[in-house]
Structure formats: C-alpha cells, structure tokens
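Okay, my_file-v3.csv now, which holds CSV, C-alpha atoms:
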chain,number,residue,atom,x,y,z
A,1,MET,CA,0.1,14.8,69.7
A,2,TRP,CA,2.3,17.8,70.5
A,3,ASN,CA,1.2,18.9,74.0
A,4,PRO,CA,2.7,21.2,76.6
A,5,ILE,CA,4.1,19.9,80.0
A,6,THR,CA,2.2,21.4,82.9
A,7,ILE,CA,4.1,21.7,86.2
A,8,THR,CA,2.5,22.4,89.5
A,9,ASN,CA,5.5,22.2,91.9
A,10,GLN,CA,7.5,25.1,90.3
A,11,LYS,CA,10.3,22.6,89.4
A,12,ILE,CA,11.3,21.7,85.9
A,13,SER,CA,13.1,18.4,85.5
A,14,GLU,CA,16.2,18.1,83.3
A,15,LYS,CA,14.3,15.7,81.1
A,16,ASN,CA,11.4,18.1,80.6
A,17,PHE,CA,13.7,21.0,79.9
A,18,GLU,CA,15.5,19.0,77.2
A,19,LYS,CA,12.1,18.1,75.7
A,20,LEU,CA,11.4,21.8,75.3
A,21,VAL,CA,14.8,22.8,73.9
A,22,SER,CA,14.7,19.9,71.4
A,23,GLY,CA,11.1,20.7,70.3
A,24,GLN,CA,9.5,17.4,71.6
A,25,VAL,CA,7.0,19.6,73.5
A,26,PRO,CA,5.8,23.1,72.5
A,27,ALA,CA,5.8,24.6,76.0
A,28,ILE,CA,6.3,24.2,79.7
A,29,ILE,CA,3.6,25.8,81.8
A,30,ILE,CA,4.4,26.5,85.4
A,31,LYS,CA,1.1,26.9,87.3
A,32,ASN,CA,0.7,29.6,89.9
A,33,PHE,CA,4.2,31.1,89.3
A,34,TYR,CA,2.6,34.2,90.8
A,35,SER,CA,-0.4,33.9,93.1
A,36,LYS,CA,-3.7,35.5,91.9
A,37,GLU,CA,-3.2,38.2,94.6
A,38,GLN,CA,0.3,39.0,93.4
A,39,CYS,CA,-1.1,39.4,89.8
A,40,VAL,CA,-3.8,41.7,91.0
A,41,SER,CA,-1.2,43.9,92.8
A,42,VAL,CA,1.0,44.1,89.7
A,43,VAL,CA,-1.9,44.8,87.3
A,44,LYS,CA,-3.1,47.7,89.6
A,45,LYS,CA,0.4,49.2,89.4
A,46,ILE,CA,0.5,48.7,85.6
A,47,GLU,CA,-2.8,50.5,85.2
A,48,LYS,CA,-1.6,53.4,87.3
A,49,ILE,CA,1.7,53.7,85.3
A,50,GLU,CA,-0.1,53.3,82.1
A,51,LYS,CA,-2.6,56.0,82.9
A,52,SER,CA,0.0,58.5,83.9
A,53,HIS,CA,2.6,57.9,81.2
A,54,PHE,CA,1.4,55.8,78.3
A,55,SER,CA,-2.2,56.5,77.4
A,56,LYS,CA,-1.4,59.6,75.4
A,57,THR,CA,1.0,57.7,73.1
A,58,GLN,CA,-1.4,54.7,72.9
A,59,LEU,CA,1.6,52.4,73.5
A,60,GLU,CA,0.7,48.8,74.3
A,61,HIS,CA,4.1,48.1,75.8
A,62,ILE,CA,5.7,49.2,79.0
A,63,GLY,CA,9.5,49.0,78.7
A,64,PRO,CA,11.7,48.9,75.7
A,65,PHE,CA,11.8,45.8,73.5
A,66,LEU,CA,15.1,45.0,71.8
A,67,MET,CA,13.6,44.0,68.5
A,68,SER,CA,12.2,47.5,68.2
A,69,TYR,CA,15.7,48.8,68.4
A,70,THR,CA,17.6,46.4,66.2
A,71,THR,CA,19.8,49.3,64.8
A,72,LYS,CA,19.3,51.8,67.6
A,73,LYS,CA,21.5,50.6,70.4
A,74,GLU,CA,22.1,53.9,72.2
A,75,GLU,CA,18.3,54.5,72.3
A,76,TYR,CA,17.6,51.0,73.6
A,77,PHE,CA,20.2,51.2,76.4
A,78,HIS,CA,19.0,54.7,77.3
A,79,LYS,CA,15.4,53.5,77.5
A,80,SER,CA,16.4,50.4,79.5
A,81,LYS,CA,18.0,52.6,82.1
A,82,GLU,CA,15.0,54.9,82.3
A,83,PHE,CA,12.7,51.8,82.7
A,84,GLN,CA,14.5,50.6,85.8
A,85,LYS,CA,12.6,52.9,88.1
A,86,THR,CA,9.3,52.1,86.5
A,87,ILE,CA,9.8,48.4,86.7
A,88,SER,CA,10.9,48.6,90.4
A,89,ASP,CA,7.7,50.5,91.2
A,90,ILE,CA,5.5,47.9,89.3
A,91,LEU,CA,7.2,45.0,91.0
A,92,GLU,CA,7.7,46.4,94.5
A,93,ASP,CA,5.2,44.1,96.2
A,94,VAL,CA,6.1,40.9,94.5
A,95,PRO,CA,9.2,38.7,94.2
A,96,ASN,CA,11.4,39.7,91.3
A,97,PRO,CA,10.5,37.6,88.3
A,98,LEU,CA,14.1,37.2,87.3
A,99,SER,CA,15.0,35.7,90.7
A,100,LYS,CA,12.0,33.4,90.5
A,101,VAL,CA,12.9,32.2,87.0
A,102,SER,CA,16.5,31.7,88.2
A,103,VAL,CA,15.2,29.3,90.8
A,104,VAL,CA,13.0,27.4,88.3
A,105,ILE,CA,15.9,27.1,85.8
A,106,SER,CA,18.5,26.1,88.4
A,107,ASN,CA,16.9,22.6,88.7
A,108,PRO,CA,17.4,21.5,85.1
A,109,LEU,CA,20.6,23.6,84.7
A,110,PRO,CA,22.3,23.5,88.1
A,111,THR,CA,25.7,24.5,86.8
A,112,PHE,CA,24.5,27.5,84.9
A,113,SER,CA,24.6,31.1,86.2
A,114,ILE,CA,21.7,33.4,85.2
A,115,SER,CA,22.0,37.2,85.1
A,116,LEU,CA,20.7,40.2,83.3
A,117,ALA,CA,22.4,40.7,79.9
A,118,LYS,CA,24.9,43.5,79.7
A,119,GLN,CA,27.4,44.9,77.2
A,120,PHE,CA,29.7,47.9,77.0
A,121,GLU,CA,26.8,50.4,76.5
A,122,GLY,CA,24.9,49.2,79.5
A,123,ASN,CA,22.4,46.8,81.0
A,124,PHE,CA,19.6,45.3,78.8
A,125,SER,CA,16.0,45.7,79.8
A,126,PRO,CA,15.0,42.8,81.9
A,127,PHE,CA,11.3,42.6,81.1
A,128,ILE,CA,8.6,43.9,78.9
A,129,ILE,CA,5.0,44.3,79.9
A,130,ARG,CA,2.4,43.9,77.1
A,131,ILE,CA,-1.2,45.1,77.3
A,132,HIS,CA,-3.3,43.6,74.6
A,133,ARG,CA,-6.8,45.0,74.4
A,134,LYS,CA,-10.1,43.7,72.8
A,135,GLY,CA,-9.7,43.2,69.1
A,136,LYS,CA,-5.9,42.9,69.2
A,137,SER,CA,-4.2,39.8,67.8
A,138,ILE,CA,-0.5,39.0,67.2
A,139,PRO,CA,0.1,37.4,63.8
A,140,ILE,CA,2.3,34.4,63.2
A,141,HIS,CA,5.9,35.2,64.0
A,142,LYS,CA,9.1,34.0,65.6
A,143,ASP,CA,11.6,35.7,67.9
A,144,ASN,CA,15.3,35.0,67.1
A,145,VAL,CA,17.9,37.4,68.4
A,146,GLN,CA,20.7,35.5,66.6
A,147,TYR,CA,19.1,36.7,63.3
A,148,GLU,CA,17.5,40.0,64.2
A,149,GLY,CA,19.8,41.2,67.0
A,150,LYS,CA,23.1,41.1,65.1
A,151,ASP,CA,24.2,44.4,66.5
A,152,TYR,CA,24.0,43.2,70.1
A,153,SER,CA,26.4,40.9,72.1
A,154,ILE,CA,23.6,38.4,72.9
A,155,SER,CA,23.3,37.4,69.2
A,156,ASP,CA,26.0,34.8,69.9
A,157,ILE,CA,23.8,32.6,72.2
A,158,ASP,CA,23.3,28.9,71.5
A,159,HIS,CA,19.6,28.7,72.5
A,160,GLN,CA,16.8,31.2,73.1
A,161,LEU,CA,13.8,30.7,75.3
A,162,SER,CA,10.8,32.9,75.9
A,163,CYS,CA,9.4,33.2,79.4
A,164,VAL,CA,6.0,34.9,79.8
A,165,ILE,CA,4.1,35.5,83.0
A,166,HIS,CA,0.4,35.8,82.4
A,167,LEU,CA,-0.7,38.5,84.8
A,168,GLN,CA,-4.2,39.0,83.5
A,169,GLU,CA,-6.1,36.9,80.9
A,170,SER,CA,-9.0,38.2,78.9
A,171,GLU,CA,-12.4,36.6,79.4
A,172,SER,CA,-12.2,35.2,75.9
A,173,GLY,CA,-9.6,34.9,73.1
A,174,GLY,CA,-5.9,35.9,73.4
A,175,ILE,CA,-4.9,32.2,73.1
A,176,LEU,CA,-1.2,31.4,72.3
A,177,LYS,CA,-0.9,29.0,69.4
A,178,ILE,CA,2.5,27.4,68.7
A,179,TYR,CA,3.1,25.7,65.4
A,180,LYS,CA,5.3,22.6,65.1
A,181,ASN,CA,7.9,24.1,62.8
A,182,GLN,CA,10.8,26.5,63.3
A,183,TRP,CA,11.7,29.6,61.4
A,184,THR,CA,14.4,29.3,58.8
A,185,LYS,CA,15.9,32.2,56.8
A,186,LYS,CA,14.3,31.0,53.6
A,187,ASP,CA,10.9,31.8,55.2
A,188,GLU,CA,11.7,35.5,54.9
A,189,LYS,CA,10.0,35.5,51.5
A,190,PHE,CA,6.7,35.0,53.4
A,191,ARG,CA,7.1,38.1,55.5
A,192,ASN,CA,4.2,40.5,56.0
A,193,ILE,CA,5.1,44.1,55.4
A,194,GLU,CA,5.2,45.4,59.0
A,195,PHE,CA,5.3,42.4,61.2
A,196,GLY,CA,4.9,38.6,61.1
A,197,TYR,CA,4.5,36.0,58.4
A,198,SER,CA,1.9,34.7,56.0
A,199,SER,CA,0.1,31.6,57.3
A,200,LYS,CA,1.9,29.7,54.5
A,201,VAL,CA,4.9,29.3,56.8
A,202,ALA,CA,3.1,27.4,59.5
A,203,THR,CA,2.5,23.6,59.6
A,204,LYS,CA,-1.0,22.2,60.1
A,205,GLU,CA,0.1,20.7,63.4
A,206,PHE,CA,-0.1,23.2,66.3
A,207,CYS,CA,-0.8,23.5,70.0
A,208,ARG,CA,-3.3,25.9,71.6
A,209,LEU,CA,-2.5,26.9,75.2
A,210,SER,CA,-6.1,27.4,76.2
A,211,GLU,CA,-5.7,26.4,79.9
A,212,ILE,CA,-3.6,29.4,81.0
A,213,SER,CA,-4.7,31.1,84.2
A,214,ASN,CA,-3.6,34.4,85.8
A,215,GLY,CA,-0.2,33.8,87.4
A,216,ASP,CA,1.0,31.0,85.1
A,217,LEU,CA,4.5,31.1,83.6
A,218,VAL,CA,4.8,29.9,80.0
A,219,ILE,CA,8.2,28.9,78.6
A,220,ILE,CA,8.5,28.3,74.8
A,221,ASN,CA,11.2,28.1,72.2
A,222,PRO,CA,10.3,31.3,70.3
A,223,ASN,CA,11.9,30.2,67.1
A,224,TYR,CA,8.9,27.9,66.6
A,225,TYR,CA,6.2,30.0,64.9
A,226,HIS,CA,3.6,31.3,67.3
A,227,GLU,CA,0.7,33.7,67.3
A,228,VAL,CA,-1.9,35.1,69.7
A,229,THR,CA,-5.5,34.9,68.7
A,230,LYS,CA,-7.8,37.9,68.8
A,231,ILE,CA,-8.7,39.2,72.3
A,232,LEU,CA,-12.5,39.0,72.5
A,233,GLY,CA,-13.1,40.0,76.1
A,234,THR,CA,-13.2,43.5,77.5
A,235,THR,CA,-10.5,42.7,80.1
A,236,PRO,CA,-7.1,43.4,78.5
A,237,ARG,CA,-4.6,40.5,78.3
A,238,ILE,CA,-1.5,41.6,80.3
A,239,THR,CA,1.8,39.7,80.3
A,240,LEU,CA,5.3,40.2,81.5
A,241,GLY,CA,7.9,38.7,79.2
A,242,MET,CA,11.6,38.1,79.1
A,243,PHE,CA,14.0,36.1,77.0
A,244,LEU,CA,16.7,33.6,78.2
A,245,GLY,CA,19.8,33.2,76.1
A,246,ILE,CA,21.7,30.0,76.9
A,247,TYR,CA,25.5,29.9,76.3
A,248,ASN,CA,26.6,26.2,76.3
A,249,LYS,CA,30.3,26.9,76.4
A,250,ASN,CA,30.5,28.9,79.6
A,251,ASN,CA,27.3,27.7,81.4
A,252,LYS,CA,25.7,31.1,81.3
A,253,ILE,CA,22.2,32.3,80.8
A,254,ALA,CA,21.6,35.9,79.8
A,255,VAL,CA,18.3,37.6,80.3
A,256,TRP,CA,16.8,40.5,78.3
A,257,ALA,CA,13.6,41.8,76.8
B,1,MET,CA,4.9,60.7,49.0
B,2,THR,CA,7.9,58.4,48.5
B,3,ASP,CA,7.4,55.2,46.5
B,4,ILE,CA,8.1,52.1,48.6
B,5,ILE,CA,8.7,48.5,47.7
B,6,TRP,CA,9.5,45.5,49.9
B,7,GLY,CA,11.2,42.2,49.1
B,8,ASN,CA,14.1,39.8,49.8
B,9,GLY,CA,17.7,40.5,49.0
B,10,SER,CA,19.3,38.3,46.4
B,11,ASP,CA,22.5,38.6,44.4
B,12,ILE,CA,25.1,41.2,45.5
B,13,LEU,CA,26.3,43.5,42.7
B,14,SER,CA,28.8,45.7,44.6
B,15,SER,CA,29.5,46.8,48.2
B,16,ASN,CA,26.4,49.0,48.1
B,17,SER,CA,24.1,47.5,45.5
B,18,PHE,CA,22.1,44.3,45.2
B,19,ILE,CA,19.2,42.6,43.6
B,20,LEU,CA,15.8,42.8,45.3
B,21,ASN,CA,13.1,40.1,44.6
B,22,VAL,CA,10.1,42.4,45.0
B,23,THR,CA,7.2,40.9,47.0
B,24,HIS,CA,5.1,43.9,48.0
B,25,ARG,CA,4.5,47.4,46.6
B,26,LYS,CA,3.0,50.3,48.4
B,27,ASN,CA,-0.5,51.2,47.3
B,28,GLY,CA,-0.3,54.6,45.6
B,29,ASN,CA,3.2,54.2,44.3
B,30,LYS,CA,3.7,56.7,41.4
B,31,GLU,CA,5.9,54.4,39.4
B,32,LYS,CA,5.7,50.7,38.3
B,33,TYR,CA,8.3,48.2,39.7
B,34,SER,CA,9.1,44.8,38.3
B,35,ASP,CA,9.5,41.6,40.3
B,36,ILE,CA,13.3,42.0,40.2
B,37,GLU,CA,15.0,45.3,40.8
B,38,LYS,CA,18.6,46.5,41.1
B,39,ILE,CA,18.9,48.6,44.2
B,40,LYS,CA,21.8,51.0,45.1
B,41,ILE,CA,21.8,51.9,48.9
B,42,VAL,CA,21.9,55.6,49.5
B,43,GLU,CA,21.0,55.2,53.2
B,44,ALA,CA,20.8,52.1,55.3
B,45,ASP,CA,19.2,50.9,58.5
B,46,ILE,CA,20.1,47.2,58.5
B,47,PRO,CA,21.2,45.1,61.5
B,48,GLY,CA,24.9,44.1,61.1
B,49,LEU,CA,25.7,46.7,58.4
B,50,PRO,CA,28.2,49.2,59.7
B,51,HIS,CA,27.1,52.9,59.8
B,52,ASN,CA,30.2,53.9,58.0
B,53,GLU,CA,29.8,53.0,54.3
B,54,ALA,CA,33.6,52.9,53.9
B,55,GLU,CA,33.5,49.7,56.0
B,56,TRP,CA,31.0,47.9,53.7
B,57,SER,CA,32.1,45.1,51.4
B,58,GLN,CA,30.3,42.7,49.1
B,59,GLU,CA,30.6,39.9,51.8
B,60,ILE,CA,29.2,42.1,54.6
B,61,LEU,CA,26.4,43.2,52.4
B,62,ARG,CA,25.7,39.6,51.4
B,63,GLN,CA,25.5,38.6,55.1
B,64,CYS,CA,23.1,41.4,55.9
B,65,THR,CA,20.8,41.3,52.9
B,66,LEU,CA,20.7,37.8,51.4
B,67,GLU,CA,17.2,36.5,51.8
B,68,ALA,CA,16.5,39.3,54.3
B,69,PHE,CA,13.2,41.0,54.1
B,70,LEU,CA,13.9,44.6,53.2
B,71,LYS,CA,12.0,47.9,52.8
B,72,CYS,CA,13.2,50.2,50.0
B,73,GLU,CA,12.1,53.8,50.1
B,74,ILE,CA,12.9,55.0,46.6
B,75,GLN,CA,14.6,58.3,45.9
B,76,THR,CA,15.1,58.0,42.1
B,77,ARG,CA,15.9,55.6,39.3
B,78,ASP,CA,19.1,56.3,37.2
B,79,GLU,CA,19.4,56.0,33.4
B,80,SER,CA,20.6,52.4,33.6
B,81,GLY,CA,17.5,51.4,35.6
B,82,VAL,CA,19.1,51.1,39.0
B,83,ILE,CA,16.9,52.3,41.9
B,84,MET,CA,18.5,54.6,44.5
B,85,ALA,CA,16.9,53.9,47.9
B,86,LYS,CA,17.0,54.0,51.6
B,87,VAL,CA,17.0,50.4,52.6
B,88,SER,CA,15.9,49.1,56.0
B,89,HIS,CA,15.1,45.9,57.8
B,90,SER,CA,11.8,45.5,59.7
B,91,GLY,CA,12.0,42.8,62.3
B,92,VAL,CA,9.9,43.7,65.3
B,93,GLY,CA,8.8,40.6,67.2
B,94,GLY,CA,7.4,39.2,70.4
B,95,TYR,CA,4.1,38.0,71.7

So, in terms of structure tokens, how does the structure I just supplied come out?
Amino acid sequence: MWNPITITNQKISEKNFEKLVSGQVPAIIIKNFYSKEQCVSVVKKIEKIEKSHFSKTQLEHIGPFLMSYTTKKEEYFHKSKEFQKTISDILEDVPNPLSKVSVVISNPLPTFSISLAKQFEGNFSPFIIRIHRKGKSIPIHKDNVQYEGKDYSISDIDHQLSCVIHLQESESGGILKIYKNQWTKKDEKFRNIEFGYSSKVATKEFCRLSEISNGDLVIINPNYYHEVTKILGTTPRITLGMFLGIYNKNNKIAVWA
Amino acid sequence: MTDIIWGNGSDILSSNSFILNVTHRKNGNKEKYSDIEKIKIVEADIPGLPHNEAEWSQEILRQCTLEAFLKCEIQTRDESGVIMAKVSHSGVGGY
C-alpha cells in the first residue's frame, strides 16, 4: 500500500521527510496547520478580494503562477510585485504561511535556510490562491520547474516539493489523487493540447487523499503525476499553494509559486 | 483562422528547423498535415530558447525542442514542403 503520513504535532521527522522525497510515501499531511477559525478569516478576505478584482475576468487564481509565465519573466516579476499588497491583506490576521512552513521544515532539515526565491529581476511570488468551483477538475499533470522553468534561476534546484494549505474544502469531490509514478520527458508524447496528460501515463497504483480537512497542509513531490477530481459540492475548494526548491549543495530552500 | 498542429519535437535540421511528430490537429484546419512534418520557426515562445535568433544553434534548439510538446501556428508551407510556423511550448501546471 502507498499511503500518506499524517502528522498531528506539526513536526516532520527526518525519516518521514526522506520517505516523501524518495517516493516511499505519496504525501505528508499536517493536520490543523491553520485552525478552522484562521481558515474562515482568510477565506472571507479572499471572497472580498475576488469580488472586487477578479470576478470580471473569471480568474480562478489570485496571484501569478510561474508556469503561466514560462517565457514572460518581466510580466511575472511585475505581477509578483503587484501581488505583495494583496497577499498581505489576505493574510493580515493569520501567521505567515512561509514562516509556518519554515518551522515545519526546520525539523527534518535543521541546517537548511528557507527564503523567498529571488533573482536579478526581483522577488518571486510566494503563494498562489486557487478557487475551484463546482464542476471544475484538474487533469493528470506534474509540476517540474527544472523542465518548464528553464528561463528562471530556480530551475537548477535538486528537489521540488509542493505545499498546499487547504483553506476550504467542498462538500463533495475535489479529491487529490497521486499516482505512484513520476513524469519523465518521454511522457511528453501523451500531453493534452492545453494542459495535462492522457491517463495512459499514470500507473494503476495511486493514493486518494480523501481525509483532508480545512486547515490541513499537504506536502507532495509534484513530479509524481497527480490530479484533482471534479468538485461536486456548491462550496468552492480554496487552497493556498507554494513550491519549495531544495538545493543540496548550499543547504538552501527557495520558495515560489 | 490559422491552422494549428501540436506534437513532439524530434530531429533537428538546422538552428531554426526541426521535425515535429504530429499528435494533434486543430478541428477546422484548412490543410491536411501528415504525422511527421518539417517545421521552420518564424517566431518562437519556447523556454530556454533565446529571444535573439542569432544566438540559436542546433544544440540549443535540440535542448529546447527534443521530445517537448509544441504548438505550431502555421503561416505557410514552402515549395519543398517545409512548414513556416510560430512555435510555442504550453506547460501550465499546478493543482
């Protein structure tokens, strides 16, 4: 069986961290990373921001996402700068997610420093907020900055992890499925036109993270194929995501979205 | 409307041309396209490929296009059958 590790004391052991990086487990779930009250507070602010700025464009994301700007560096860094005020407003009543993740990661990697990724053009965006409404699903895909982010400095990392805080779950659906196989370049022949891959790339063995509650943090190796099943409830699924890029040589972790 | 084909980069023919193994064709394309087409890049939006064409080489093009999933917006086909196209990479991800 390929099952996630669930942690209730906000501390990841070195052994469990190694299990995630090496693919022995599909995910680490940190329960109650944010309290239910903190989630409600953030979601209220997101709804306010969304209504005032994003509803007309029908965007489902708040904040720039690097993979949407693979060849548009200037635009990405410009939008990242613009996003700083918005994200400060959204998170003003809760502890900063990056600081909290730093604490969680410092246990298995005590000698590593963690900071927002930056390069000559500016700071990367630290987070992305995704709002997934009823009927929406995310097809099988991977995230791999070493392949898709060649124009950015962080493409030289050794390992990439995805950290997603589940701020609001839908009543039904919106389940993360992680398949027990990693993307390789030869899989590009199974690409869908706009996004994601044919189901042919995924192994039959997979894990469904169906026990996620509001406030939980889910950490995965995003080079393993993953998807989100269709959201069936009327409450939108809202998440806050960031990537961690681990540099083995200089004990550094860079954060971006 | 522009004809569009998608597929994976294969052999490199020069610093600005390559073979595309065609996997998808836009519904409503005016022309027919075979499973293997020669593509000459007239405009590019591909990660890792310099904006300045003078900096391109066969090796750089190979690194950026070999096996990569590419979108080709077709401008024309020359007398030898080579397609002139805007070539871009689509890689938006994240759950």

Problem set entry | Nearest to Glu43 (chain B) by atom-to-atom distance, counting only C-alpha atoms, from B:Asn29, B:Thr2, B:Ser80, B:Asn16 |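 So, comparing all the options, the nearest one is B:Asn16.
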
Exercise. Contacts of Ser14 (chain B) at 12 Å or less, counting all atoms listed in the file, minus same-chain residues fewer than 6 places along, as number ranges by chain?
Worked result: B: 38-41, 56-62

Problem set entry | Close residues, Phe69 (chain B) itself excluded, 7 Å, only C-alpha atoms, min 2 positions apart in chain, as a list in words |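 The residues that qualify are Glu188, Lys189 and Arg191 of chain A; Gly7, Asn8, Gly9, Glu67 and His89 of chain B.
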
Would you put the residues from that selection into a file with C-alpha atoms, as a CSV table (one decimal), keeping the file's coordinate frame?
chain,number,residue,atom,x,y,z
A,188,GLU,CA,11.7,35.5,54.9
A,189,LYS,CA,10.0,35.5,51.5
A,191,ARG,CA,7.1,38.1,55.5
B,7,GLY,CA,11.2,42.2,49.1
B,8,ASN,CA,14.1,39.8,49.8
B,9,GLY,CA,17.7,40.5,49.0
B,67,GLU,CA,17.2,36.5,51.8
B,89,HIS,CA,15.1,45.9,57.8

So that I can see what lies close to Val25 (chain A), please list as an mmCIF file with C-alpha atoms, in the frame of the given file the residues with an atom at most 6 Å from it, counting only C-alpha atoms and leaving out residues fewer than 3 positions away in the same chain.
data_model
loop_
_atom_site.group_PDB
_atom_site.id
_atom_site.type_symbol
_atom_site.label_atom_id
_atom_site.label_comp_id
_atom_site.auth_asym_id
_atom_site.auth_seq_id
_atom_site.Cartn_x
_atom_site.Cartn_y
_atom_site.Cartn_z
ATOM 1 C CA TRP A 2 2.300 17.800 70.500
ATOM 2 C CA ASN A 3 1.200 18.900 74.000
ATOM 3 C CA PRO A 4 2.700 21.200 76.600
ATOM 4 C CA LYS A 19 12.100 18.100 75.700
ATOM 5 C CA LEU A 20 11.400 21.800 75.300
#

Problem set entry | Residues of chain B within 12 Å of chain A, counting only C-alpha atoms, as a count of residues only | 40

For this session: Using only C-alpha atoms, find the one residue out of A:Ser210, A:Gln160, A:Thr234, A:Gln10 that sits nearest to Ser106 (chain A).
Result: A:Gln10

Seminar exercise, completed: For Glu37 (chain B), the closest of B:Val87, B:Val82, B:Leu13, B:Ala54 counting all atoms listed in the file is B:Val82

Exercise. Near Gln24 (chain A), within 12 Å and counting all atoms listed in the file, which residues show up once chain neighbours fewer than 5 positions away are dropped, as an MDAnalysis selection string?
Worked result: chainID A and resid 1:5 15:19 180:181 220:221 224

For this session: Using CA of Phe206 (chain A) and CA of Gly135 (chain A) as the two end points, give the distance in Å to one decimal.
Result: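 Answer for the CA of Phe206 (chain A) to CA of Gly135 (chain A) separation: 22.4 Å.
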
Could you get me a file of region 18-48 of chain A with C-alpha atoms, as a PDB file, in the first residue's frame, taken from the block above?
ATOM      1  CA  GLU A  18      13.168  11.228   3.390  1.00  0.00           C
ATOM      2  CA  LYS A  19      10.261   8.881   2.709  1.00  0.00           C
ATOM      3  CA  LEU A  20       8.449  11.686   0.883  1.00  0.00           C
ATOM      4  CA  VAL A  21      11.447  12.834  -1.160  1.00  0.00           C
ATOM      5  CA  SER A  22      12.306   9.262  -2.143  1.00  0.00           C
ATOM      6  CA  GLY A  23       8.700   8.429  -3.071  1.00  0.00           C
ATOM      7  CA  GLN A  24       8.159   5.777  -0.384  1.00  0.00           C
ATOM      8  CA  VAL A  25       5.060   7.730   0.615  1.00  0.00           C
ATOM      9  CA  PRO A  26       2.861   9.919  -1.623  1.00  0.00           C
ATOM     10  CA  ALA A  27       2.300  12.780   0.798  1.00  0.00           C
ATOM     11  CA  ILE A  28       2.734  14.191   4.255  1.00  0.00           C
ATOM     12  CA  ILE A  29      -0.429  15.671   5.741  1.00  0.00           C
ATOM     13  CA  ILE A  30      -0.031  18.097   8.613  1.00  0.00           C
ATOM     14  CA  LYS A  31      -3.350  18.332  10.390  1.00  0.00           C
ATOM     15  CA  ASN A  32      -4.588  21.709  11.625  1.00  0.00           C
ATOM     16  CA  PHE A  33      -1.698  23.665  10.130  1.00  0.00           C
ATOM     17  CA  TYR A  34      -4.166  26.525  10.310  1.00  0.00           C
ATOM     18  CA  SER A  35      -7.097  26.452  12.714  1.00  0.00           C
ATOM     19  CA  LYS A  36     -10.644  26.355  11.321  1.00  0.00           C
ATOM     20  CA  GLU A  37     -11.113  29.957  12.520  1.00  0.00           C
ATOM     21  CA  GLN A  38      -7.989  31.097  10.712  1.00  0.00           C
ATOM     22  CA  CYS A  39      -9.236  29.444   7.501  1.00  0.00           C
ATOM     23  CA  VAL A  40     -12.592  31.212   7.784  1.00  0.00           C
ATOM     24  CA  SER A  41     -10.813  34.540   8.251  1.00  0.00           C
ATOM     25  CA  VAL A  42      -8.610  34.035   5.170  1.00  0.00           C
ATOM     26  CA  VAL A  43     -11.483  32.771   3.019  1.00  0.00           C
ATOM     27  CA  LYS A  44     -13.587  35.835   3.912  1.00  0.00           C
ATOM     28  CA  LYS A  45     -10.780  38.087   2.733  1.00  0.00           C
ATOM     29  CA  ILE A  46     -10.316  36.054  -0.436  1.00  0.00           C
ATOM     30  CA  GLU A  47     -14.013  36.390  -1.241  1.00  0.00           C
ATOM     31  CA  LYS A  48     -13.786  40.144  -0.762  1.00  0.00           C
TER      32      LYS A  48
END
